[in-house]
$ cat start-v9.cif   # mmCIF, C-alpha atoms
data_coords
loop_
_atom_site.label_atom_id
_atom_site.label_comp_id
_atom_site.auth_asym_id
_atom_site.auth_seq_id
_atom_site.Cartn_x
_atom_site.Cartn_y
_atom_site.Cartn_z
CA MET A 1 13.91 82.55 135.94
CA GLU A 2 11.09 84.68 134.55
CA GLN A 3 8.06 85.41 136.67
CA VAL A 4 4.68 84.44 135.26
CA THR A 5 1.25 85.78 136.16
CA ILE A 6 -1.84 83.58 136.33
CA ILE A 7 -5.22 85.29 136.32
CA GLY A 8 -7.72 82.99 138.04
CA SER A 9 -7.74 80.83 141.15
CA GLY A 10 -9.53 77.65 140.05
CA ASN A 11 -8.31 74.16 139.18
CA MET A 12 -6.55 75.15 135.96
CA ALA A 13 -4.84 78.09 137.67
CA ARG A 14 -3.58 75.68 140.32
CA ALA A 15 -2.38 73.12 137.75
CA ILE A 16 -0.55 75.70 135.63
CA ALA A 17 1.02 77.21 138.74
CA ILE A 18 2.31 73.80 139.83
CA ARG A 19 3.88 73.25 136.41
CA MET A 20 5.45 76.73 136.38
CA LEU A 21 6.90 76.26 139.85
CA ALA A 22 8.29 72.91 138.68
CA ALA A 23 10.00 74.90 135.91
CA ARG A 24 11.50 77.13 138.66
CA HIS A 25 9.49 80.18 137.66
CA SER A 26 7.99 82.39 140.34
CA VAL A 27 4.22 82.74 140.10
CA GLN A 28 1.85 85.63 140.70
CA ILE A 29 -1.78 84.61 141.20
CA LEU A 30 -4.41 87.30 140.58
CA GLY A 31 -7.96 86.29 141.47
CA ARG A 32 -11.37 87.84 141.88
CA ASN A 33 -12.14 85.71 144.94
CA GLY A 34 -9.76 86.86 147.65
CA GLN A 35 -10.13 83.81 149.88
CA LYS A 36 -9.62 81.34 147.05
CA THR A 37 -6.58 83.28 145.88
CA ARG A 38 -5.06 83.30 149.38
CA ASP A 39 -5.77 79.59 149.81
CA LEU A 40 -4.13 78.78 146.47
CA VAL A 41 -1.03 80.87 147.23
CA GLU A 42 -0.73 79.19 150.63
CA PHE A 43 -1.06 75.76 149.02
CA LEU A 44 1.59 76.56 146.39
CA GLY A 45 4.06 77.83 148.99
CA ALA A 46 7.48 79.25 148.19
CA GLY A 47 7.68 81.03 144.85
CA ALA A 48 4.02 82.06 144.78
CA GLN A 49 2.40 85.37 145.65
CA GLY A 50 -1.12 86.68 145.21
CA GLY A 51 -3.17 89.76 144.51
CA GLY A 52 -6.68 90.90 143.66
CA GLU A 53 -8.31 91.47 140.31
CA GLY A 54 -6.86 94.61 138.75
CA ALA A 55 -3.54 94.42 140.64
CA ALA A 56 -0.39 95.26 138.68
CA ILE A 57 0.77 92.40 136.45
CA GLU A 58 4.36 91.44 137.23
CA GLY A 59 4.90 88.49 134.89
CA GLY A 60 6.13 88.66 131.32
CA ILE A 61 3.84 85.74 130.48
CA VAL A 62 0.20 86.08 131.55
CA PHE A 63 -2.04 83.01 131.66
CA LEU A 64 -5.79 83.64 131.41
CA ALA A 65 -6.93 80.70 133.56
CA VAL A 66 -10.56 81.78 133.34
CA PRO A 67 -13.54 80.92 131.12
CA TYR A 68 -13.76 82.45 127.66
CA GLU A 69 -16.13 85.33 128.49
CA GLU A 70 -14.08 86.26 131.56
CA GLY A 71 -10.97 86.22 129.40
CA LYS A 72 -12.46 88.86 127.11
CA ASN A 73 -13.40 91.00 130.09
CA THR A 74 -9.96 90.56 131.65
CA VAL A 75 -8.04 91.88 128.66
CA LEU A 76 -10.40 94.86 128.52
CA VAL A 77 -9.86 95.59 132.23
CA TYR A 78 -6.07 95.46 131.92
CA GLY A 79 -5.90 97.22 128.57
CA GLU A 80 -2.47 98.68 127.85
CA ALA A 81 -1.04 96.97 130.96
CA LEU A 82 -0.81 93.89 128.72
CA ALA A 83 1.25 95.69 126.06
CA GLY A 84 4.45 93.78 125.44
CA LYS A 85 3.23 90.80 127.47
CA VAL A 86 2.69 87.27 126.18
CA VAL A 87 -0.97 86.54 126.93
CA VAL A 88 -1.94 82.86 126.94
CA ASP A 89 -5.59 81.90 126.51
CA ILE A 90 -6.35 78.38 127.76
CA SER A 91 -10.14 78.44 127.40
CA ASN A 92 -12.52 76.11 125.60
CA PRO A 93 -15.67 78.03 124.58
CA VAL A 94 -17.88 74.96 124.89
CA ASP A 95 -21.55 75.25 125.81
CA LEU A 96 -21.37 73.24 129.05
CA SER A 97 -25.14 72.87 129.23
CA THR A 98 -25.21 70.67 126.12
CA PHE A 99 -21.58 69.93 125.10
CA ASP A 100 -22.74 70.19 121.49
CA ARG A 101 -21.64 73.64 120.30
CA LEU A 102 -19.00 76.33 120.62
CA LEU A 103 -19.88 79.78 121.94
CA VAL A 104 -17.87 81.70 119.34
CA PRO A 105 -18.82 82.94 115.86
CA ALA A 106 -18.26 80.59 112.94
CA GLY A 107 -14.81 81.07 111.45
CA SER A 108 -13.34 82.29 114.72
CA SER A 109 -12.09 81.00 118.08
CA ALA A 110 -12.02 82.07 121.70
CA VAL A 111 -8.44 83.26 121.47
CA GLU A 112 -9.08 85.25 118.28
CA GLU A 113 -12.01 86.98 119.97
CA ILE A 114 -9.86 87.69 123.04
CA ALA A 115 -7.07 89.04 120.82
CA ARG A 116 -9.54 91.48 119.24
CA HIS A 117 -10.28 92.90 122.70
CA ALA A 118 -6.67 92.96 123.92
CA SER A 119 -4.07 95.68 123.52
CA PRO A 120 -2.71 95.56 119.95
CA ASP A 121 0.75 95.34 121.50
CA ALA A 122 -0.07 92.21 123.49
CA HIS A 123 1.21 88.92 122.03
CA VAL A 124 -1.78 86.57 122.32
CA VAL A 125 -1.16 82.82 122.19
CA LYS A 126 -3.36 79.75 122.51
CA ALA A 127 -2.03 76.93 124.70
CA PHE A 128 -3.05 74.39 127.36
CA ASN A 129 -6.69 74.14 126.22
CA THR A 130 -6.26 70.42 125.45
CA CYS A 131 -4.91 69.74 128.96
CA LEU A 132 -7.43 69.13 131.73
CA ALA A 133 -6.49 70.16 135.25
CA LYS A 134 -5.88 66.79 136.90
CA PRO A 135 -3.39 65.35 134.37
CA LEU A 136 -1.82 68.79 133.93
CA GLU A 137 -1.11 68.98 137.64
CA ALA A 138 0.51 65.54 137.47
CA GLY A 139 2.36 66.45 134.26
CA THR A 140 1.68 63.06 132.68
CA VAL A 141 -1.11 61.04 131.13
CA ALA A 142 -0.80 57.25 130.91
CA GLY A 143 2.78 57.65 132.11
CA LEU A 144 3.72 60.03 129.27
CA PRO A 145 4.41 63.78 129.45
CA LEU A 146 1.50 65.87 128.29
CA ASP A 147 1.53 67.59 124.90
CA VAL A 148 0.81 71.33 124.87
CA PHE A 149 -0.35 72.61 121.48
CA ILE A 150 0.60 76.24 120.87
CA ALA A 151 -0.86 78.62 118.27
CA GLY A 152 -0.02 82.28 117.72
CA GLU A 153 1.10 84.96 115.31
CA SER A 154 4.28 85.94 117.15
CA GLU A 155 7.08 83.41 116.72
CA GLN A 156 8.95 84.99 119.62
CA ALA A 157 5.92 84.64 121.90
CA LYS A 158 5.49 80.99 120.94
CA VAL A 159 9.17 80.37 121.66
CA LYS A 160 8.73 81.85 125.16
CA VAL A 161 5.67 79.72 125.87
CA SER A 162 7.39 76.63 124.45
CA ALA A 163 10.36 77.23 126.74
CA VAL A 164 8.29 77.35 129.94
CA VAL A 165 6.26 74.34 128.79
CA ALA A 166 9.40 72.29 128.18
CA ALA A 167 11.00 73.42 131.45
CA SER A 168 7.90 72.22 133.30
CA GLY A 169 8.33 68.68 131.96
CA LEU A 170 5.74 68.82 129.17
CA ARG A 171 6.13 68.64 125.36
CA PRO A 172 5.40 71.85 123.42
CA ILE A 173 4.05 71.51 119.88
CA ASP A 174 3.81 74.60 117.66
CA VAL A 175 0.72 74.15 115.48
CA GLY A 176 1.03 77.40 113.54
CA PRO A 177 -0.84 80.72 113.42
CA LEU A 178 -3.57 81.81 115.80
CA ARG A 179 -6.34 80.56 113.52
CA ARG A 180 -5.24 76.97 114.22
CA ALA A 181 -6.87 77.48 117.63
CA ARG A 182 -10.18 76.89 115.85
CA GLU A 183 -9.20 73.26 115.37
CA LEU A 184 -7.78 72.96 118.90
CA GLU A 185 -11.02 74.22 120.40
CA ALA A 186 -13.14 72.06 118.08
CA MET A 187 -11.15 69.00 119.12
CA MET A 188 -11.99 69.70 122.75
CA LEU A 189 -15.67 70.14 121.88
CA LEU A 190 -15.53 66.59 120.51
CA VAL A 191 -13.51 65.22 123.44
CA MET A 192 -15.65 66.87 126.10
CA GLY A 193 -18.85 65.76 124.34
CA LEU A 194 -17.63 62.16 124.25
CA GLN A 195 -16.62 62.17 127.90
CA ALA A 196 -19.69 63.87 129.38
CA SER A 197 -22.25 61.45 130.74
CA PRO A 198 -25.91 62.01 129.82
CA ASP A 199 -26.56 63.56 133.24
CA GLN A 200 -23.23 65.48 133.07
CA ASP A 201 -22.39 64.47 136.66
CA ASN A 202 -19.65 61.95 135.86
CA PHE A 203 -17.36 63.83 133.48
CA ASN A 204 -13.99 62.13 132.94
CA TRP A 205 -11.42 64.80 133.85
CA ASP A 206 -8.44 62.43 133.65
CA THR A 207 -7.62 62.57 129.93
CA SER A 208 -5.42 64.64 127.66
CA LEU A 209 -4.80 64.80 123.90
CA LYS A 210 -1.41 63.46 122.87
CA LEU A 211 0.32 62.71 119.55
CA LEU A 212 2.06 59.34 119.57
CA PRO A 213 4.84 58.17 117.23
#
$ encode --input "start-v9.cif" --output "structure tokens"
Amino acid sequence: MEQVTIIGSGNMARAIAIRMLAARHSVQILGRNGQKTRDLVEFLGAGAQGGGEGAAIEGGIVFLAVPYEEGKNTVLVYGEALAGKVVVDISNPVDLSTFDRLLVPAGSSAVEEIARHASPDAHVVKAFNTCLAKPLEAGTVAGLPLDVFIAGESEQAKVKVSAVVAASGLRPIDVGPLRRARELEAMMLLVMGLQASPDQDNFNWDTSLKLLP
């Protein structure tokens, strides 16, 4: 099975890694924090390996499991090393201090901004932004497999992402071109705003967006 690379070592990196290992893919974790990266690789066990920020990317699919601004910096750091790779942005550019606005220009999205900074030969895709870490790690919400909404310009790249999503036990849904990420990110602005308590200390991290029959 194809190796995937996950850049980041936080909760979403862990959840995506668990799903990819469930799909029988080997996982490379690249993180800025060496101790967190080592701890995550040790937790994941067989099939996982780690490296530092800037290490050679081994996976054909690269998940940017980092906040929006870090995602832009990451694609700049790696530059042409991402050429020919499928690069998956999972971020939600929500202002976490207020939960009332997006941190991207009007008429754009986090993934479109990241794509502008990435190698022109990288195949940038939006996916997993509607999945929070806890239900993603479990693979289900309310007893049902999570939906993963996928947007991108490359049909081949979306097919690759859909394949690993399905193999991990989740349901891939192709929502169209990259600009559809604007709606995906706006939906999460609404969801996160509804779920944040006034003091922002009791956020409900247990939900996920799902289309029902």
$ resolve_selection --input "start-v9.cif" --expression "the PyMOL selection byres ((chain A and resi 88-105) around 10)" --output "PyMOL selection string"
chain A and resi 6+12+61-72+85-87+106-115+123-131+150-152+157-158+161+181-182+184-196+198+200
$ atom_distance --input "start-v9.cif" --atom1 "atom CA of A:Glu53" --atom2 "atom CA of A:Gly10"
13.9 Å
$ resolve_selection --input "start-v9.cif" --expression "the PyMOL selection byres ((chain A and resi 18) around 9)" --output "list of chain:residue names"
A:Ala13, A:Arg14, A:Ala15, A:Ile16, A:Ala17, A:Arg19, A:Met20, A:Leu21, A:Ala22, A:Ala23, A:Leu44, A:Leu136, A:Glu137, A:Ala138, A:Ser168
$ residues_around --input "start-v9.cif" --residues "A:Ser26" --least-positions-apart "4" --cutoff "6 Å" --atoms "only C-alpha atoms" --output "compact mmCIF listing (two decimals) with C-alpha atoms, in the coordinates of the input"
# COMPACT_ATOMS: atom_id res chain seq x y z
CA GLN A 3 8.06 85.41 136.67
CA GLY A 47 7.68 81.03 144.85
CA ALA A 48 4.02 82.06 144.78
$ atom_distance --input "start-v9.cif" --atom1 "atom CA of A:Gln49" --atom2 "atom CA of A:Pro145"
27.1 Å
$ atom_distance --input "start-v9.cif" --atom1 "atom CA of A:Leu82" --atom2 "atom CA of A:Val148"
22.9 Å
$ resolve_selection --input "start-v9.cif" --expression "the PyMOL selection byres ((chain A and resi 83) around 7)" --output "ChimeraX atom specification"
/A:80-82,84-85,119,121-122
$ residues_around --input "start-v9.cif" --residues "A:Asp147" --least-positions-apart "3" --cutoff "12 Å" --atoms "only C-alpha atoms" --output "JSON, numbers by chain"
{"A": [127, 128, 129, 130, 131, 132, 135, 136, 139, 140, 141, 144, 150, 162, 165, 166, 168, 169, 170, 171, 172, 173, 174, 175, 207, 208, 209, 210, 211, 212]}
$ closest_residue --input "start-v9.cif" --among "A:Asn73, A:Thr5, A:Asn204, A:Ser154" --to "A:His25" --atoms "all atoms listed in the file"
A:Thr5
